[in-house]
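Shown next: final-v1.cif, given as mmCIF, C-alpha atoms and all ligand atoms.
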data_target
#
loop_
_atom_site.label_atom_id
_atom_site.label_comp_id
_atom_site.auth_asym_id
_atom_site.auth_seq_id
_atom_site.Cartn_x
_atom_site.Cartn_y
_atom_site.Cartn_z
CA MET A 117 284.22 42.53 117.87
CA GLY A 118 281.51 41.61 115.44
CA ARG A 119 277.89 42.55 115.69
CA ALA A 120 276.53 40.34 113.02
CA GLY A 121 273.31 39.32 114.69
CA SER A 122 270.97 40.29 117.46
CA VAL A 123 270.77 39.84 121.23
CA LEU A 124 268.02 37.73 122.75
CA VAL A 125 266.88 39.00 126.15
CA THR A 126 264.77 36.44 128.00
CA GLY A 127 262.60 38.19 130.56
CA GLY A 128 263.05 41.44 128.63
CA ALA A 129 259.66 42.70 129.83
CA GLY A 130 260.64 42.40 133.49
CA TYR A 131 262.10 45.05 135.78
CA VAL A 132 265.79 44.47 135.09
CA GLY A 133 265.02 43.20 131.59
CA ALA A 134 263.42 46.44 130.40
CA HIS A 135 266.48 48.39 131.55
CA VAL A 136 268.79 45.90 129.83
CA VAL A 137 266.79 46.36 126.61
CA LEU A 138 267.26 50.14 126.91
CA ALA A 139 271.01 49.79 127.46
CA LEU A 140 271.44 47.43 124.50
CA ARG A 141 269.32 49.54 122.16
CA GLU A 142 271.26 52.65 123.13
CA ALA A 143 274.43 50.78 122.19
CA GLY A 144 272.92 49.96 118.79
CA TRP A 145 272.15 46.29 119.32
CA PRO A 146 269.14 44.78 117.57
CA VAL A 147 267.21 43.23 120.48
CA VAL A 148 264.74 40.36 120.58
CA VAL A 149 262.71 39.97 123.77
CA LEU A 150 261.38 36.55 124.76
CA ASP A 151 258.88 36.90 127.60
CA ASP A 152 255.66 35.18 128.60
CA LEU A 153 254.42 38.32 130.42
CA SER A 154 253.68 36.23 133.51
CA THR A 155 255.15 39.02 135.64
CA GLY A 156 256.56 41.46 133.11
CA ARG A 157 254.69 43.90 130.91
CA LEU A 158 255.32 45.62 127.64
CA LEU A 159 256.29 49.31 127.69
CA PRO A 160 256.65 51.83 124.87
CA LEU A 161 260.40 51.08 124.82
CA HIS A 162 259.62 47.56 123.58
CA ARG A 163 258.39 48.99 120.28
CA ASP A 164 262.03 49.45 119.50
CA CYS A 165 262.77 45.72 119.52
CA SER A 166 261.25 42.44 118.37
CA VAL A 167 259.01 40.79 120.93
CA VAL A 168 258.33 37.07 121.00
CA LEU A 169 255.57 36.14 123.44
CA GLY A 170 256.20 32.77 125.00
CA GLY A 171 258.13 30.77 127.52
CA VAL A 172 261.82 29.97 127.62
CA GLY A 173 260.76 26.34 128.17
CA ASP A 174 259.12 26.18 124.74
CA ARG A 175 261.97 24.46 122.90
CA ASP A 176 260.54 24.85 119.42
CA LEU A 177 259.85 28.51 119.95
CA VAL A 178 263.36 29.12 121.32
CA ARG A 179 265.03 27.25 118.45
CA GLU A 180 262.93 29.10 115.91
CA THR A 181 263.65 32.46 117.56
CA LEU A 182 267.42 31.90 117.65
CA ALA A 183 267.43 31.07 113.95
CA ARG A 184 264.90 33.62 112.75
CA TYR A 185 266.57 36.61 114.42
CA ASP A 186 270.11 35.42 113.84
CA VAL A 187 270.80 35.59 117.56
CA GLN A 188 274.46 36.09 118.36
CA ALA A 189 274.21 36.59 122.11
CA VAL A 190 271.76 35.73 124.87
CA VAL A 191 271.03 37.60 128.09
CA HIS A 192 269.05 35.21 130.27
CA LEU A 193 266.94 37.04 132.84
CA ALA A 194 263.62 35.19 132.77
CA ALA A 195 263.19 33.62 136.19
CA SER A 196 261.03 33.34 139.26
CA ILE A 197 262.54 35.56 141.93
CA LEU A 198 260.50 35.51 145.14
CA VAL A 199 262.27 33.90 148.08
CA PRO A 200 259.21 33.01 150.23
CA GLU A 201 257.42 31.62 147.19
CA SER A 202 260.49 29.50 146.41
CA VAL A 203 260.21 27.95 149.88
CA ARG A 204 256.53 27.13 149.32
CA HIS A 205 256.92 25.95 145.73
CA PRO A 206 260.48 24.64 145.33
CA LEU A 207 259.67 22.38 142.41
CA ALA A 208 258.27 25.28 140.43
CA TYR A 209 261.49 27.20 141.12
CA TYR A 210 263.75 24.34 140.09
CA ARG A 211 261.67 23.94 136.96
CA ASN A 212 261.61 27.62 136.02
CA ASP A 213 265.09 28.60 137.08
CA VAL A 214 267.03 25.40 136.34
CA ALA A 215 265.22 22.99 134.01
CA VAL A 216 263.88 25.66 131.70
CA GLY A 217 267.29 27.31 131.58
CA LEU A 218 268.83 23.98 130.72
CA ALA A 219 266.61 23.68 127.67
CA LEU A 220 267.62 27.20 126.67
CA LEU A 221 271.30 26.32 127.02
CA GLU A 222 270.91 23.25 124.84
CA ALA A 223 269.34 25.38 122.15
CA CYS A 224 272.09 27.99 122.50
CA VAL A 225 274.83 25.38 122.13
CA ALA A 226 273.13 23.86 119.11
CA HIS A 227 272.72 27.30 117.54
CA GLY A 228 276.29 28.36 118.29
CA VAL A 229 275.55 31.40 120.44
CA ALA A 230 278.72 33.47 120.88
CA ALA A 231 277.99 34.98 124.31
CA PHE A 232 275.72 34.12 127.23
CA VAL A 233 275.05 36.48 130.15
CA PHE A 234 273.18 35.09 133.14
CA SER A 235 271.54 37.05 135.93
CA SER A 236 272.40 35.46 139.25
CA THR A 237 272.11 36.81 142.76
CA ALA A 238 273.97 37.51 145.98
CA ALA A 239 271.54 34.95 147.45
CA VAL A 240 274.02 32.29 146.28
CA TYR A 241 276.25 33.32 149.20
CA GLY A 242 273.50 32.64 151.75
CA VAL A 243 274.65 34.20 155.01
CA PRO A 244 278.11 35.41 154.00
CA GLU A 245 280.93 34.65 156.42
CA ARG A 246 282.44 38.01 155.66
CA SER A 247 281.30 41.28 154.17
CA PRO A 248 282.20 42.65 151.70
CA VAL A 249 281.80 39.28 150.04
CA ASP A 250 283.93 38.44 146.98
CA GLU A 251 283.25 35.95 144.22
CA GLU A 252 285.48 33.28 145.77
CA ALA A 253 283.49 33.20 149.01
CA PRO A 254 281.71 29.92 149.78
CA THR A 255 278.30 29.60 148.15
CA ARG A 256 275.75 28.24 150.59
CA PRO A 257 272.26 29.34 149.62
CA ILE A 258 269.61 29.23 152.31
CA ASN A 259 266.49 28.97 150.16
CA PRO A 260 265.40 27.24 146.94
CA TYR A 261 265.64 30.51 145.01
CA GLY A 262 269.35 30.87 145.85
CA TRP A 263 269.94 27.19 145.16
CA SER A 264 268.23 27.29 141.79
CA LYS A 265 270.42 30.23 140.72
CA LEU A 266 273.55 28.49 141.97
CA MET A 267 272.61 25.26 140.22
CA PHE A 268 272.16 27.06 136.94
CA GLU A 269 275.52 28.77 137.44
CA ARG A 270 277.09 25.31 137.74
CA VAL A 271 275.30 23.96 134.68
CA LEU A 272 276.34 27.01 132.68
CA ARG A 273 279.99 26.76 133.70
CA ASP A 274 280.19 23.08 132.82
CA ALA A 275 278.38 23.58 129.52
CA ALA A 276 280.63 26.52 128.69
CA ALA A 277 283.76 24.49 129.31
CA ALA A 278 282.60 21.60 127.12
CA HIS A 279 280.92 23.50 124.31
CA ASP A 280 282.82 26.75 123.92
CA LEU A 281 280.01 28.97 125.15
CA PRO A 282 281.53 32.20 126.52
CA PHE A 283 279.59 33.31 129.59
CA VAL A 284 279.36 35.99 132.23
CA ILE A 285 277.46 35.39 135.44
CA LEU A 286 276.35 38.61 137.14
CA ARG A 287 275.50 38.23 140.81
CA TYR A 288 273.18 41.14 141.56
CA PHE A 289 273.00 42.64 145.01
CA ASN A 290 269.91 44.75 145.93
CA VAL A 291 268.69 46.23 142.67
CA ALA A 292 266.69 49.44 143.07
CA GLY A 293 265.73 52.63 141.23
CA ALA A 294 264.33 53.30 137.78
CA ASP A 295 265.48 54.61 134.42
CA PRO A 296 266.34 58.31 135.06
CA GLU A 297 264.37 59.20 131.91
CA LEU A 298 261.43 57.19 133.25
CA ARG A 299 261.17 54.85 130.29
CA ALA A 300 261.18 51.87 132.69
CA GLY A 301 260.94 51.20 136.39
CA PRO A 302 259.75 48.74 139.01
CA LEU A 303 256.68 46.76 137.99
CA PRO A 304 253.44 47.86 139.66
CA ASP A 305 252.87 44.48 141.27
CA GLY A 306 256.52 43.66 141.77
CA PRO A 307 258.17 42.33 144.90
CA THR A 308 257.90 44.30 148.13
CA HIS A 309 261.53 45.27 148.47
CA LEU A 310 262.54 47.85 151.04
CA VAL A 311 262.74 50.91 148.76
CA ARG A 312 259.25 50.25 147.42
CA VAL A 313 257.80 49.66 150.88
CA ALA A 314 259.35 52.89 152.20
CA LEU A 315 258.12 54.90 149.20
CA GLU A 316 254.63 53.48 149.62
CA ALA A 317 254.70 54.46 153.28
CA ALA A 318 255.83 57.98 152.30
CA LEU A 319 252.91 58.21 149.88
CA GLY A 320 250.43 57.00 152.50
CA LEU A 321 249.78 53.79 150.58
CA ARG A 322 250.73 51.78 153.65
CA PRO A 323 250.70 52.91 157.28
CA PHE A 324 254.35 52.21 158.16
CA VAL A 325 257.53 50.38 157.27
CA PRO A 326 258.08 47.27 159.37
CA VAL A 327 261.76 47.27 160.29
CA PHE A 328 262.73 43.62 160.43
CA GLY A 329 265.15 43.53 163.35
CA VAL A 330 266.86 46.39 165.16
CA ASP A 331 269.39 44.42 167.21
CA TYR A 332 271.80 43.30 164.49
CA PRO A 333 275.50 43.94 165.00
CA THR A 334 275.49 46.86 162.56
CA ARG A 335 275.95 50.61 162.98
CA ASP A 336 272.31 51.28 163.86
CA GLY A 337 271.12 47.75 164.59
CA THR A 338 269.32 47.27 161.25
CA CYS A 339 270.43 45.14 158.29
CA VAL A 340 272.94 46.44 155.77
CA ARG A 341 272.54 45.82 152.03
CA ASP A 342 274.37 46.93 148.91
CA TYR A 343 271.71 48.82 146.90
CA VAL A 344 272.60 49.10 143.22
CA HIS A 345 270.85 51.23 140.60
CA VAL A 346 269.02 49.21 137.95
CA SER A 347 270.47 51.34 135.13
CA ASP A 348 274.00 50.56 136.29
CA VAL A 349 273.05 46.88 136.46
CA ALA A 350 271.76 47.15 132.89
CA THR A 351 275.02 48.74 131.74
CA ALA A 352 276.93 45.81 133.24
CA HIS A 353 275.05 43.45 130.89
CA ARG A 354 275.94 45.56 127.87
CA LEU A 355 279.59 45.63 128.92
CA ALA A 356 279.54 41.88 129.55
CA LEU A 357 278.45 41.26 125.96
CA ASP A 358 281.18 43.51 124.57
CA TYR A 359 283.70 41.75 126.79
CA LEU A 360 282.67 38.28 125.66
CA LEU A 361 282.45 39.14 121.98
CA GLY A 362 285.90 40.71 122.32
CA GLY A 363 287.23 37.31 123.40
CA GLY A 364 286.90 37.64 127.18
CA ALA A 365 287.08 34.48 129.29
CA GLY A 366 284.17 33.16 131.36
CA ALA A 367 283.64 35.23 134.49
CA VAL A 368 281.56 35.36 137.65
CA LEU A 369 281.08 38.97 138.75
CA ASN A 370 279.45 40.60 141.73
CA CYS A 371 277.25 43.50 140.69
CA GLY A 372 277.12 45.93 143.59
CA TYR A 373 278.81 49.11 144.77
CA SER A 374 281.01 47.74 147.57
CA ARG A 375 279.18 49.83 150.12
CA GLY A 376 276.10 49.24 152.18
CA HIS A 377 273.19 51.10 153.71
CA THR A 378 271.12 50.16 156.72
CA VAL A 379 267.34 49.89 156.66
CA ARG A 380 267.16 53.12 158.64
CA GLU A 381 269.44 54.89 156.17
CA VAL A 382 267.15 53.84 153.32
CA VAL A 383 264.14 55.15 155.22
CA ALA A 384 265.99 58.44 155.86
CA ALA A 385 266.82 58.73 152.14
CA VAL A 386 263.16 58.23 151.28
CA GLU A 387 262.21 60.99 153.73
CA ARG A 388 264.82 63.35 152.25
CA VAL A 389 263.83 62.68 148.66
CA THR A 390 260.07 62.76 149.13
CA GLY A 391 260.00 65.49 151.77
CA ARG A 392 257.52 63.36 153.71
CA SER A 393 257.87 61.47 156.92
CA VAL A 394 258.02 57.68 156.79
CA PRO A 395 256.56 56.00 159.87
CA THR A 396 258.41 52.87 160.94
CA ARG A 397 257.55 50.11 163.34
CA VAL A 398 260.00 47.68 164.86
CA ALA A 399 259.18 44.15 163.74
CA PRO A 400 260.74 40.74 164.41
CA ARG A 401 263.75 39.66 162.40
CA ARG A 402 262.91 38.02 159.09
CA PRO A 403 264.13 34.41 159.11
CA GLY A 404 267.32 33.98 157.10
CA ASP A 405 268.12 37.69 156.86
CA PRO A 406 271.91 38.10 157.07
CA PRO A 407 273.01 41.16 159.09
CA GLU A 408 275.12 42.50 156.25
CA VAL A 409 275.46 41.70 152.55
CA VAL A 410 277.82 44.02 150.70
CA ALA A 411 279.62 43.20 147.47
CA ASP A 412 283.32 43.20 147.02
CA ALA A 413 282.89 44.57 143.51
CA ARG A 414 286.46 45.11 142.44
CA ARG A 415 286.37 42.33 139.89
CA ILE A 416 283.51 43.68 137.78
CA ARG A 417 285.28 47.03 137.50
CA ASP A 418 288.55 45.34 136.52
CA VAL A 419 287.09 42.83 134.08
CA LEU A 420 284.36 44.90 132.43
CA GLY A 421 285.58 48.42 133.11
CA TRP A 422 282.18 49.03 134.74
CA GLU A 423 281.87 52.56 136.07
CA PRO A 424 278.53 52.93 137.77
CA ARG A 425 276.83 56.32 137.47
CA TRP A 426 274.14 56.31 140.13
CA THR A 427 275.86 55.18 143.30
CA GLU A 428 274.08 57.70 145.53
CA LEU A 429 271.20 56.15 147.44
CA ASP A 430 269.22 59.36 146.98
CA ALA A 431 269.44 59.04 143.18
CA MET A 432 268.08 55.51 143.31
CA VAL A 433 265.25 56.56 145.57
CA ALA A 434 264.50 59.70 143.54
CA HIS A 435 264.24 57.77 140.28
CA ALA A 436 262.04 55.09 141.85
CA PHE A 437 259.85 57.81 143.39
CA ALA A 438 259.50 59.66 140.10
CA TRP A 439 258.55 56.43 138.35
CA MET A 440 256.00 55.55 141.00
CA ARG A 441 254.42 59.01 140.85
CA ARG A 442 254.29 58.83 137.09
CA GLY A 443 251.68 56.16 137.80
CA ARG A 444 250.52 53.44 135.56
CA PRO A 445 250.17 55.03 132.16
CA ALA A 446 248.67 52.01 130.46
CA GLU A 447 245.97 51.55 133.05
CA ALA A 448 245.33 55.28 133.26
CA ALA A 449 244.90 55.46 129.49
CA THR A 450 242.46 52.56 129.60
CA ARG A 451 240.48 54.26 132.32
CA ARG A 452 240.33 57.48 130.31
CA ALA A 453 239.27 55.62 127.19
CA GLY A 454 236.59 53.75 129.16
N1 LIG A 501 263.29 45.17 155.11
C1 LIG A 501 262.59 45.74 156.17
N2 LIG A 501 261.26 46.02 155.98
C2 LIG A 501 260.59 45.77 154.81
C3 LIG A 501 261.32 45.20 153.73
C4 LIG A 501 262.67 44.91 153.92
O1 LIG A 501 263.14 45.97 157.24
O2 LIG A 501 259.40 46.03 154.73
C5 LIG A 501 264.72 44.88 155.27
C6 LIG A 501 265.06 43.41 155.13
O3 LIG A 501 264.97 42.75 156.36
C7 LIG A 501 266.49 43.48 154.60
C8 LIG A 501 266.52 44.78 153.80
O4 LIG A 501 265.40 45.54 154.25
O5 LIG A 501 267.39 43.62 155.66
C9 LIG A 501 266.37 44.55 152.31
O6 LIG A 501 265.27 43.69 152.10
P1 LIG A 501 264.67 43.45 150.64
O7 LIG A 501 263.47 42.58 150.81
O8 LIG A 501 264.49 44.75 149.95
O9 LIG A 501 265.84 42.68 149.87
P2 LIG A 501 266.70 41.36 150.26
O10 LIG A 501 267.97 41.88 150.89
O11 LIG A 501 265.88 40.53 151.19
O12 LIG A 501 266.94 40.72 148.95
#
Target encoding structure tokens, full file:
Amino acid sequence: MGRAGSVLVTGGAGYVGAHVVLALREAGWPVVVLDDLSTGRLLPLHRDCSVVLGGVGDRDLVRETLARYDVQAVVHLAASILVPESVRHPLAYYRNDVAVGLALLEACVAHGVAAFVFSSTAAVYGVPERSPVDEEAPTRPINPYGWSKLMFERVLRDAAAAHDLPFVILRYFNVAGADPELRAGPLPDGPTHLVRVALEAALGLRPFVPVFGVDYPTRDGTCVRDYVHVSDVATAHRLALDYLLGGGAGAVLNCGYSRGHTVREVVAAVERVTGRSVPTRVAPRRPGDPPEVVADARRIRDVLGWEPRWTELDAMVAHAFAWMRRGRPAEAATRRAG
């Protein structure tokens, strides 16, 4: 497998993106980050790569970047990712997550990119008929976010077939945690996913965790999700590149651990890890929340040889907690300087 050029990571300043940058740099890849910093932010780790500030939709900038940095492979993570926002602003989601990606693909085909890794989501399955859900399960998204990811999957597969663009689609389940060495972690103003909400409640930053539904047909009545450590997700991207550059065929891969935890189990983990109590309050079901979404993740292990390291829920929570407590160094430094 040749490593003639560099890897372009779109959205490399985002939550998953920063961890992908770490994984690629650790493997010796020269990395170029393309990010408009609309939600992401630059961290010290980004000093170790080239950073191009701008949007994926800027065709000239993308073309110039591919040529200038001799980009061999692309990891496309830049996207809008908030489900409720996607319901309110569907056109913005179809623009950001489909149309903009289409422009990127055109540039990649013209440039002759040798590998393309796309971050998709378990949201493409909608409310899965069965759980664990495998990659052949019907895809029936239930919101514009899921649809936009599925549409781009389709576009990518068709383009790959016609233009010899090797691709891997990674369908993430519930990404959580932070880099164990605390070089990256969840963004301060990132989405209010369960682990964050529970940690904030443990720290007294919010009064309680609303538990959205306690009468689901699950072991304790609360929803089950497959929580996957962000560093393991990042490793999957690195392995996907090696696989593709080694001649691997196009693949769609679930990225989860094949096991789920209930909302109450997550809350209990947060209590164990933090040593603090986490008040909860029963709240109505959230519309569109499937009772259980767990990956059948046999394929990613077979195809990529992925061996996740941080499968314990407590590790994910502990790393996220440590990152949160570490605070916001940039802002803190500014405050000190001021
Ligand atoms: N959840 C909850 N309270 C919260 C946030 C989330 O009960 O404050 C539940 C939510 O209903 C779902 C699970 O936790 O069953 C994971 O939700 P999250 O928003 O983290 O991820 P999603 O599965 O929606 O992508």
Which residues of range 263-367 of chain A have any atom within 6 Å of an atom in range 238-255 of chain A when counting all atoms listed in the file, and what is the closest pair of atoms for each, with the distance in Å to one decimal? Order the rows by chain and rising number and write it as a Markdown table.
| residue | atom | partner | partner_atom | distance |
| --- | --- | --- | --- | --- |
| A:Leu266 | CA | A:Val240 | CA | 5.8 |
| A:Arg287 | CA | A:Ala238 | CA | 5.4 |
| A:Tyr288 | CA | A:Ala238 | CA | 5.8 |
| A:Phe289 | CA | A:Ala238 | CA | 5.3 |
Could you list, with a cut-off of 7 Å and counting only C-alpha atoms and all ligand atoms, the residues of chain A near ligand LIG 501 (chain A), each shown with its nearest atom pair and the distance in Å rounded to one decimal, rows sorted by chain and ascending number, as CSV?
residue,atom,partner,partner_atom,distance
A:Asn290,CA,A:LIG501,O12,5.8
A:Thr308,CA,A:LIG501,O7,6.4
A:His309,CA,A:LIG501,O8,3.3
A:Leu310,CA,A:LIG501,O8,3.8
A:Val311,CA,A:LIG501,O8,6.5
A:Val313,CA,A:LIG501,O2,5.5
A:Val325,CA,A:LIG501,O2,5.4
A:Pro326,CA,A:LIG501,N2,4.8
A:Val327,CA,A:LIG501,O1,3.6
A:Phe328,CA,A:LIG501,O1,4.0
A:Gly329,CA,A:LIG501,O1,6.9
A:Thr338,CA,A:LIG501,O5,6.9
A:Cys339,CA,A:LIG501,O5,4.3
A:Val340,CA,A:LIG501,O5,6.2
A:Arg341,CA,A:LIG501,O10,6.1
A:Val379,CA,A:LIG501,O4,5.3
A:Arg401,CA,A:LIG501,O3,6.9
A:Arg402,CA,A:LIG501,O3,5.8
A:Asp405,CA,A:LIG501,O3,6.0
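Closest approach to Ala438 in chain A among A:Arg299, A:Arg414, A:Arg354, A:Arg335: A:Arg299, based on all atoms listed in the file.
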Practice task
Compile the contact shell of Tyr261 in chain A as number ranges by chain: residues with an atom at most 12 Å away, counting only C-alpha atoms, same-chain residues fewer than 2 positions apart removed.
Solution key: A: 195-214, 236-242, 256-259, 263-268
Practice task
May I ask which of the residues A:Ala226, A:Leu220, A:Ile416, A:Leu159 is the closest one to Tyr359 in chain A, counting all atoms listed in the file?
Solution key: A:Ile416
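From CA of Tyr343 in chain A back to CA of Ala413 in chain A, the distance works out to 12.4 Å.
Every protein, DNA or RNA residue with an atom at most 12 Å from Asp174 in chain A, where all atoms listed in the file count and chain neighbours fewer than 6 positions away do not, is listed here: Leu150, Asp151, Asp152, Val168, Glu180, Thr181, Asn212, Ala215, Val216, Gly217, Leu218, Ala219, Leu220 and Ala223 of chain A.
For the pair CA of Leu272 in chain A and CA of Trp422 in chain A, the interatomic distance is 22.9 Å.
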Fill in the blank from the handout: From CA of Gly366 in chain A to CA of Asp418 in chain A the spacing works out at 13.9 Å
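Closest approach to Phe232 in chain A among A:Arg179, A:Arg141, A:Arg322, A:His353 is made by A:His353 (distances from only C-alpha atoms).
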Handout entry: Selection: 6 Å around Ser374 in chain A, only C-alpha atoms, excl. self and same-chain fewer than 3 positions, as a ChimeraX atom specification
Key = /A:410-413
Handout entry: Spatial neighbours of range 363-365 of chain A, 12 Å, only C-alpha atoms, chain gap at least 5 places, as a ChimeraX atom specification
Key = /A:117-118,230-232,273,276-277,280-285,355-358,419-420
